[in-house]
Each structure stands twice: as structure tokens, then as C-alpha cells.
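See below for the structure under consideration.
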Amino acid sequence: MRTRYGVPYWLDRYPKARQPSYPRHRGALDVQVAILGGGLTGCSAAYVFAAAGVRVALVEGSRVGQGGSASCPGLLRLEPAVPFDTLKTQHGVRVARHLWQSFRRAGLDMAATIRRLRVRCELVPDAALRVGLCDGDDRTLRREMASMRAAGVEGSWLTPARLRQETGLTGVGAIRSAGDAFIDPYRATLGLAAEAAKRRALVFERTPVTRVRAARKGVELVTEGGIIRADTVVVASNHPLPAFKPLRRHFSLTDAFCVLTPAVPSFVRREFGRSHAIVIDQGEPPHILRRTSDERVMFVGADQPAVPARARERAMVQRTGQLMYELSKLYPAIAGTRPEYGWFVPVSTASDGFVCIGPHRNYPRHLFAFGSGRNGVASAFLAARVLLRQYLGIPDKGDELFGFTRLLG
């Protein structure tokens, strides 16, 4: 079996004959909200806005869901990637608690919405474990656990013995969060786009936007086939688009890498313990391990600064080998297994590691959702809810904490 490089598993296994096709934009169109970006965040926003009765047009330059969303690991976490203790140090306990609890509510809301809409994206509930594998991790994790308990944030401690039972790993302990899940992110994106279209949202793909300009009463999006006039434009992308280059100073762009094995035999599975929980180590950046429902092993990490497209194939081959070696150090029985897939995951993170959602003073009638990065798919629904409240002029108390003011101090 040869490794398939540069092909995300979620996209490859979806039958091409069943991939939905949305039209290109042509002519002139007037809507209340135009959404730039047809990934999971953009489609979540399209669904949430359309369900609220807002006239929406979603515009995607390529194909819906086939960018960063199709390559992400599909972790529906109820905790952000940034440790609570780190957020508390950066912003204070009140802000950290609000960000943390809002993220948890968004994850639960997303899971409930997927179930209610019957979106077939293989939603599999499980726990997530932030594991400590060396002595230096013990102090960090115990300080994190103490900060969480003092702030009333959910989480429980796993002893080394329990960690070994759950994961097969020998370590100093772990913090367990309940209610997390796995999803197929590509199917979730397509499902939410379809639900948005049912509610009269207009979805356009293969429609690059060549210019975004302010108009007398709103914003105009110039496409190759015409013009879209909107009261507000929502920019939902992993990283600021070229039209918003000044905002890039708040974000860093890296490439993470992902490997996926074939289904592993039973003697290998025994090494993984009795749990299918998401396993996240204390590396900087961390490695993430998950087992799929068909007993494949997914391992994410080996981050590096984003490289040009011409160098990416070589980087994928090298990083795939590195990840399999690192995985074999954790679970020796998997040594010699050749991965079936190896691909890269574009990761954009804000300067404090958390998502950035809301308006910016230099861009009137614009709302942004950037920096989902390692925060998982729950950040898409968090962004959609915050953006809708901002558009309707009924923000919740603390919604401003998600915006650019947090990054500017």
C-alpha cells in the first residue's frame, strides 16, 4: 500500500458523484449579509443567519468545504486549545472564564444542532485527555487543574494508573474533559450548507471575489461574474484574506501535518488502552491522537512555518515520516505500519492562541472570524453565534472579549 500524500481522508472517502455542486455567481444581487468563505465557519454562519430570517449569500472561491475544513482533524472539543491558566495570565480570570465557558456552550450547541438537523457526519461522543508524559508536565497540569477548579471550570484529574488504563501511556497524569466528540468535518460543512440553502440562503462556489469596497449604504463584493451588494459582509476564513492584509499582524500561519493509518490489528489496539478519547500531549505545539470508529489511528503535529506550495509535497513526505516515528515511540507495536494518508493542515492562530470574532474599527460594516487554528470545529459555531448577535445589535455581555480589542490589550 502506498501512502497518499496531500489528500485529506475526509475528502477522499466522500464519493465524488455525490458531492453537491453550487452555481457560480452571475449578475447583480442584493442581500442583507454576504459571507466570504465556504468552510465550516462560513457554512455555520450561513445556517445560523438564514435560520434567523436574514437574507444571506455565501461566496466561496473554490468548492464548498474543500479547503481547510476538509483537512482538519475533526475534533469537536469543549475546551479551546489555549490552557485556562494561560488565558488567565494573559487576560485575567474573568475574561478567561468567559472565553472558556462560551467555548464549551458553543461545542454543546454544535453537537445538538448536528443531531437535530440529522447531519450525517459521524458524530461520535467521547472525552479528551490532556496528558502529561514526563515529570516536567506534572507541575504544569496540576497548576492548570488548580486554576480550573478555582474558577469553577469543568475538568477532572486522572491518576497515572487511570491514564495507563485509558490510553496505554505511562505518564504523570491527565486532565479529562467530558462531552467532546469527533466528526467528519467535510460532511458537517456540506450538511450545514444544505440546511442554510433550505432556509433560502444563496450559496455560490467557484466564485472568487476580486474586490471588496465600501458603498454608500453597505458593502459591494465584486466577483468575476457580477456584483453582490450587502448591508454587512462576514469574512469567515482561517487567515485574513489578501484584501485585509493589515490584519495579518495579529495572526500567525503555520502548517501542521496529519497522518492516518489503515485499520490496525487487535494486538496493536490493545496497546491503546480501553478508551477512544482524544489524547493531547504537552508539547509546544502539542501532538493530537485520535482513533476513528473503524480503528484507524490519526496523529497530528510536526508543525512548521507555512511553506510555499512548491515545497509542500516534499515537506509532507518528510513530516509524515517524522510523525510515524513519534507515534511509534508512544506505541511501539505500531512501528513499521505504513500510513495510508499524509496531508497538511493550515493553522492560523491569533497572537494569544484563541479565536478572534467581531468587528474592526478600520472596516465598517465588516464582521470577521479568524484564527480558528487548533481550537477545533466548535470555534465555527462559536463564531456563527457571536457574529449573528453582533449583526442584530444584541450582543451578549462579554461578546466584545472575542474581538480585536482583546488582542490589542
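Following the order of the C-alpha cells, chains are lettered A, B, ..., residues in each are numbered from 1, and ligands are numbered from 1.
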Note to self: Residues near region 265-280 of chain A, anyone? I mean within 6 Å using only C-alpha atoms, not counting same-chain ones fewer than 6 positions away, as a list in words.
What the structure shows: Asp126, Ala127, Ala128, Leu129, Arg130, Gln165, Glu166, Thr167, Gly168, His287, Ile288, Leu289, Arg290, Arg291 and Ala333 of chain A
Item checked: DSSP-assigned helix (DSSP H, G or I) among region 188-398 of chain A, expressed as a VMD selection string -> chain A and resid 188 to 198 242 to 250 266 to 272 309 to 330 332 to 334 378 to 392
Checklist line | strand (DSSP E) per DSSP on the backbone: members of region 119-267 of chain A, as a VMD selection string | finding: chain A and resid 124 to 125 128 to 132 156 to 158 173 to 177 181 to 182 202 to 204 209 to 214 219 to 223 226 to 236 251 to 260
Dump as a short mmCIF file (atom, residue, chain, number, x, y, z; two decimals), in the first residue's frame, selection limited to N, CA and C atoms:
data_model
loop_
_atom_site.label_atom_id
_atom_site.label_comp_id
_atom_site.auth_asym_id
_atom_site.auth_seq_id
_atom_site.Cartn_x
_atom_site.Cartn_y
_atom_site.Cartn_z
N VAL A 124 -19.36 11.27 17.00
CA VAL A 124 -19.04 10.23 17.98
C VAL A 124 -18.60 10.89 19.27
N PRO A 125 -19.44 10.86 20.32
CA PRO A 125 -19.05 11.50 21.59
C PRO A 125 -17.94 10.72 22.28
N ALA A 128 -11.80 13.99 26.13
CA ALA A 128 -10.48 14.44 25.69
C ALA A 128 -9.56 14.46 26.89
N LEU A 129 -8.33 14.04 26.68
CA LEU A 129 -7.35 13.95 27.75
C LEU A 129 -6.13 14.79 27.41
N ARG A 130 -5.82 15.74 28.27
CA ARG A 130 -4.54 16.46 28.15
C ARG A 130 -3.56 15.74 29.05
N VAL A 131 -2.65 15.01 28.45
CA VAL A 131 -1.81 14.07 29.19
C VAL A 131 -0.43 14.66 29.48
N GLY A 132 0.11 14.27 30.61
CA GLY A 132 1.48 14.60 30.96
C GLY A 132 2.32 13.35 30.88
N SER A 156 -11.62 17.05 35.26
CA SER A 156 -11.29 16.11 36.34
C SER A 156 -9.87 15.58 36.13
N TRP A 157 -9.29 15.08 37.20
CA TRP A 157 -7.90 14.63 37.18
C TRP A 157 -7.84 13.12 37.05
N LEU A 158 -6.96 12.63 36.18
CA LEU A 158 -6.69 11.21 36.03
C LEU A 158 -5.34 10.88 36.64
N GLY A 173 -0.09 11.80 34.73
CA GLY A 173 -1.49 12.09 34.96
C GLY A 173 -2.08 12.81 33.76
N ALA A 174 -3.34 13.19 33.87
CA ALA A 174 -4.03 13.87 32.76
C ALA A 174 -5.23 14.64 33.28
N ILE A 175 -5.62 15.66 32.55
CA ILE A 175 -6.86 16.39 32.79
C ILE A 175 -7.89 15.89 31.79
N ARG A 176 -9.02 15.45 32.30
CA ARG A 176 -10.07 14.88 31.45
C ARG A 176 -11.22 15.86 31.32
N SER A 177 -11.66 16.09 30.09
CA SER A 177 -12.87 16.86 29.84
C SER A 177 -13.88 15.95 29.18
N ALA A 181 -16.13 15.28 21.21
CA ALA A 181 -16.61 14.38 20.17
C ALA A 181 -15.70 14.45 18.96
N PHE A 182 -15.91 13.50 18.03
CA PHE A 182 -15.29 13.52 16.72
C PHE A 182 -16.38 13.74 15.68
N LEU A 202 -28.45 31.81 -0.28
CA LEU A 202 -27.88 31.59 -1.60
C LEU A 202 -26.42 31.17 -1.44
N VAL A 203 -26.05 30.07 -2.04
CA VAL A 203 -24.70 29.54 -1.91
C VAL A 203 -24.05 29.53 -3.29
N PHE A 204 -22.90 30.19 -3.38
CA PHE A 204 -22.15 30.23 -4.65
C PHE A 204 -20.75 29.67 -4.40
N VAL A 209 -13.88 36.41 -5.24
CA VAL A 209 -14.21 37.82 -5.04
C VAL A 209 -12.96 38.62 -5.36
N THR A 210 -13.04 39.49 -6.36
CA THR A 210 -11.87 40.24 -6.81
C THR A 210 -11.69 41.55 -6.06
N ARG A 211 -12.78 42.03 -5.45
CA ARG A 211 -12.66 43.31 -4.75
C ARG A 211 -13.80 43.44 -3.73
N VAL A 212 -13.47 44.00 -2.58
CA VAL A 212 -14.47 44.34 -1.57
C VAL A 212 -14.37 45.84 -1.36
N ARG A 213 -15.47 46.54 -1.59
CA ARG A 213 -15.40 48.00 -1.49
C ARG A 213 -16.61 48.54 -0.73
N ALA A 214 -16.37 49.64 -0.04
CA ALA A 214 -17.44 50.29 0.71
C ALA A 214 -18.36 51.02 -0.25
N VAL A 219 -21.81 47.40 1.62
CA VAL A 219 -20.55 46.88 1.08
C VAL A 219 -20.86 46.20 -0.25
N GLU A 220 -19.95 46.35 -1.22
CA GLU A 220 -20.10 45.69 -2.51
C GLU A 220 -18.97 44.69 -2.70
N LEU A 221 -19.35 43.48 -3.11
CA LEU A 221 -18.40 42.43 -3.44
C LEU A 221 -18.40 42.27 -4.95
N VAL A 222 -17.26 42.50 -5.55
CA VAL A 222 -17.13 42.35 -6.99
C VAL A 222 -16.60 40.95 -7.28
N THR A 223 -17.35 40.18 -8.04
CA THR A 223 -16.93 38.85 -8.43
C THR A 223 -16.62 38.83 -9.92
N GLY A 226 -20.13 39.35 -11.61
CA GLY A 226 -21.08 40.40 -11.29
C GLY A 226 -20.76 41.09 -9.98
N ILE A 227 -21.80 41.49 -9.28
CA ILE A 227 -21.62 42.25 -8.05
C ILE A 227 -22.67 41.84 -7.03
N ILE A 228 -22.25 41.76 -5.77
CA ILE A 228 -23.16 41.44 -4.67
C ILE A 228 -23.15 42.63 -3.72
N ARG A 229 -24.30 43.21 -3.50
CA ARG A 229 -24.44 44.33 -2.57
C ARG A 229 -25.05 43.82 -1.27
N ALA A 230 -24.44 44.20 -0.15
CA ALA A 230 -24.91 43.71 1.15
C ALA A 230 -24.82 44.82 2.18
N ASP A 231 -25.68 44.74 3.19
CA ASP A 231 -25.58 45.67 4.31
C ASP A 231 -24.29 45.42 5.09
N THR A 232 -23.95 44.13 5.24
CA THR A 232 -22.78 43.72 6.03
C THR A 232 -22.10 42.56 5.33
N VAL A 233 -20.78 42.51 5.41
CA VAL A 233 -20.05 41.35 4.91
C VAL A 233 -19.40 40.65 6.10
N VAL A 234 -19.55 39.33 6.13
CA VAL A 234 -18.92 38.48 7.14
C VAL A 234 -17.75 37.77 6.47
N VAL A 235 -16.57 37.96 7.00
CA VAL A 235 -15.37 37.32 6.45
C VAL A 235 -15.01 36.15 7.37
N ALA A 236 -15.27 34.95 6.90
CA ALA A 236 -15.07 33.74 7.71
C ALA A 236 -13.99 32.90 7.05
N PHE A 251 -1.99 37.59 13.54
CA PHE A 251 -2.14 36.15 13.37
C PHE A 251 -0.86 35.53 12.80
N SER A 252 -0.63 34.31 13.16
CA SER A 252 0.49 33.56 12.58
C SER A 252 -0.06 32.38 11.81
N LEU A 253 0.58 32.03 10.71
CA LEU A 253 0.13 30.95 9.84
C LEU A 253 1.20 29.86 9.81
N THR A 254 0.82 28.66 10.20
CA THR A 254 1.73 27.53 10.19
C THR A 254 1.08 26.36 9.46
N ASP A 255 1.88 25.36 9.16
CA ASP A 255 1.39 24.10 8.60
C ASP A 255 1.55 23.01 9.65
N ALA A 256 0.44 22.41 10.07
CA ALA A 256 0.51 21.19 10.85
C ALA A 256 0.36 20.03 9.86
N PHE A 257 0.67 18.84 10.32
CA PHE A 257 0.60 17.67 9.43
C PHE A 257 -0.17 16.56 10.11
N CYS A 258 -0.80 15.75 9.29
CA CYS A 258 -1.70 14.72 9.80
C CYS A 258 -1.41 13.41 9.08
N VAL A 259 -1.32 12.34 9.85
CA VAL A 259 -1.20 11.01 9.25
C VAL A 259 -2.38 10.15 9.71
N LEU A 260 -2.77 9.25 8.85
CA LEU A 260 -3.85 8.31 9.17
C LEU A 260 -3.43 6.93 8.72
#
Item checked: Top pick for closest residue to Ala193 (chain A), considering A:Val56, A:Val64, A:Leu123, A:Ala335 and counting only C-alpha atoms ->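 Once distances to Ala193 (chain A) are computed over only C-alpha atoms, the minimum belongs to A:Val64.
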Next item on the list: Go through A:Arg361, A:Arg385, A:His239, A:Arg312 and flag the residue nearest Gly68 (chain A), using only C-alpha atoms for the distances.
Entry: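 Going through A:Arg361, A:Arg385, A:His239, A:Arg312 one by one, the smallest distance to Gly68 (chain A) is for A:His239.
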List every residue of region 83-102 of chain A that has an atom at most 12 Å from any atom of region 400-403 of chain A, and for each one report the closest atom pair and its distance in Å to one decimal, counting only C-alpha atoms, with rows sorted by chain and then by increasing residue number, as CSV.
residue,atom,partner,partner_atom,distance
A:Leu87,CA,A:Leu401,CA,12.0
A:His91,CA,A:Leu401,CA,9.7
A:Gly92,CA,A:Leu401,CA,11.7
A:Arg94,CA,A:Leu401,CA,10.4
A:Val95,CA,A:Leu401,CA,7.1
A:Ala96,CA,A:Leu401,CA,9.5
A:Arg97,CA,A:Leu401,CA,11.1
A:His98,CA,A:Leu401,CA,8.4
A:Leu99,CA,A:Phe402,CA,7.5
A:Trp100,CA,A:Phe402,CA,11.0
A:Ser102,CA,A:Phe402,CA,10.0
Margin query: Ranking A:Glu205, A:Asp138, A:Asp12, A:Asp30 by minimum distance to Gln282 (chain A) and counting only C-alpha atoms, which one comes first?
Written below: A:Asp138
Next item on the list: Rank A:Pro73, A:Pro308, A:Gly283, A:Gly107 by their smallest atom-to-atom distance to Val345 (chain A), using only C-alpha atoms, and report the top residue only.
Entry: A:Pro73
Next item on the list: Please indicate the distance in Å from CA of Ala151 (chain A) to CA of Ala384 (chain A), rounded to one decimal place.
Entry: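 These two atoms are separated by 26.3 Å.
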Item checked: Closest of A:Thr189, A:Lys198, A:Pro240, A:Ala215 to Pro364 (chain A) - atom-to-atom distances counting only C-alpha atoms ->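 Smallest distance to Pro364 (chain A) is found for A:Ala215.
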Next item on the list: Rank nothing, just name the residue among A:Glu326, A:Asp294, A:Asp281, A:Asp399 nearest to Gly358 (chain A), using only C-alpha atoms.
Entry: A:Asp399
Notebook entry, point to check: Which polymer residues have any atom within 9 Å of an atom of Thr3 (chain A), counting only C-alpha atoms, with same-chain residues fewer than 6 positions away left out, as a VMD selection string?
Noted result: chain A and resid 338 to 342
Next, write the just-selected residues to a file, as a tab-separated table (two decimals), in the first residue's frame, keeping N, CA and C atoms as the atom set.
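Saved the output as part.tsv:
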chain	number	residue	atom	x	y	z
A	338	ARG	N	2.74	1.43	7.71
A	338	ARG	CA	2.83	2.50	6.72
A	338	ARG	C	1.52	3.28	6.71
A	339	PRO	N	1.58	4.61	6.85
A	339	PRO	CA	0.33	5.36	6.86
A	339	PRO	C	-0.37	5.30	5.51
A	340	GLU	N	-1.68	5.34	5.54
A	340	GLU	CA	-2.44	5.33	4.30
A	340	GLU	C	-2.57	6.75	3.72
A	341	TYR	N	-2.61	7.74	4.62
A	341	TYR	CA	-2.75	9.13	4.20
A	341	TYR	C	-1.76	10.00	4.96
A	342	GLY	N	-1.28	11.03	4.30
A	342	GLY	CA	-0.47	12.05	4.93
A	342	GLY	C	-0.77	13.39	4.27
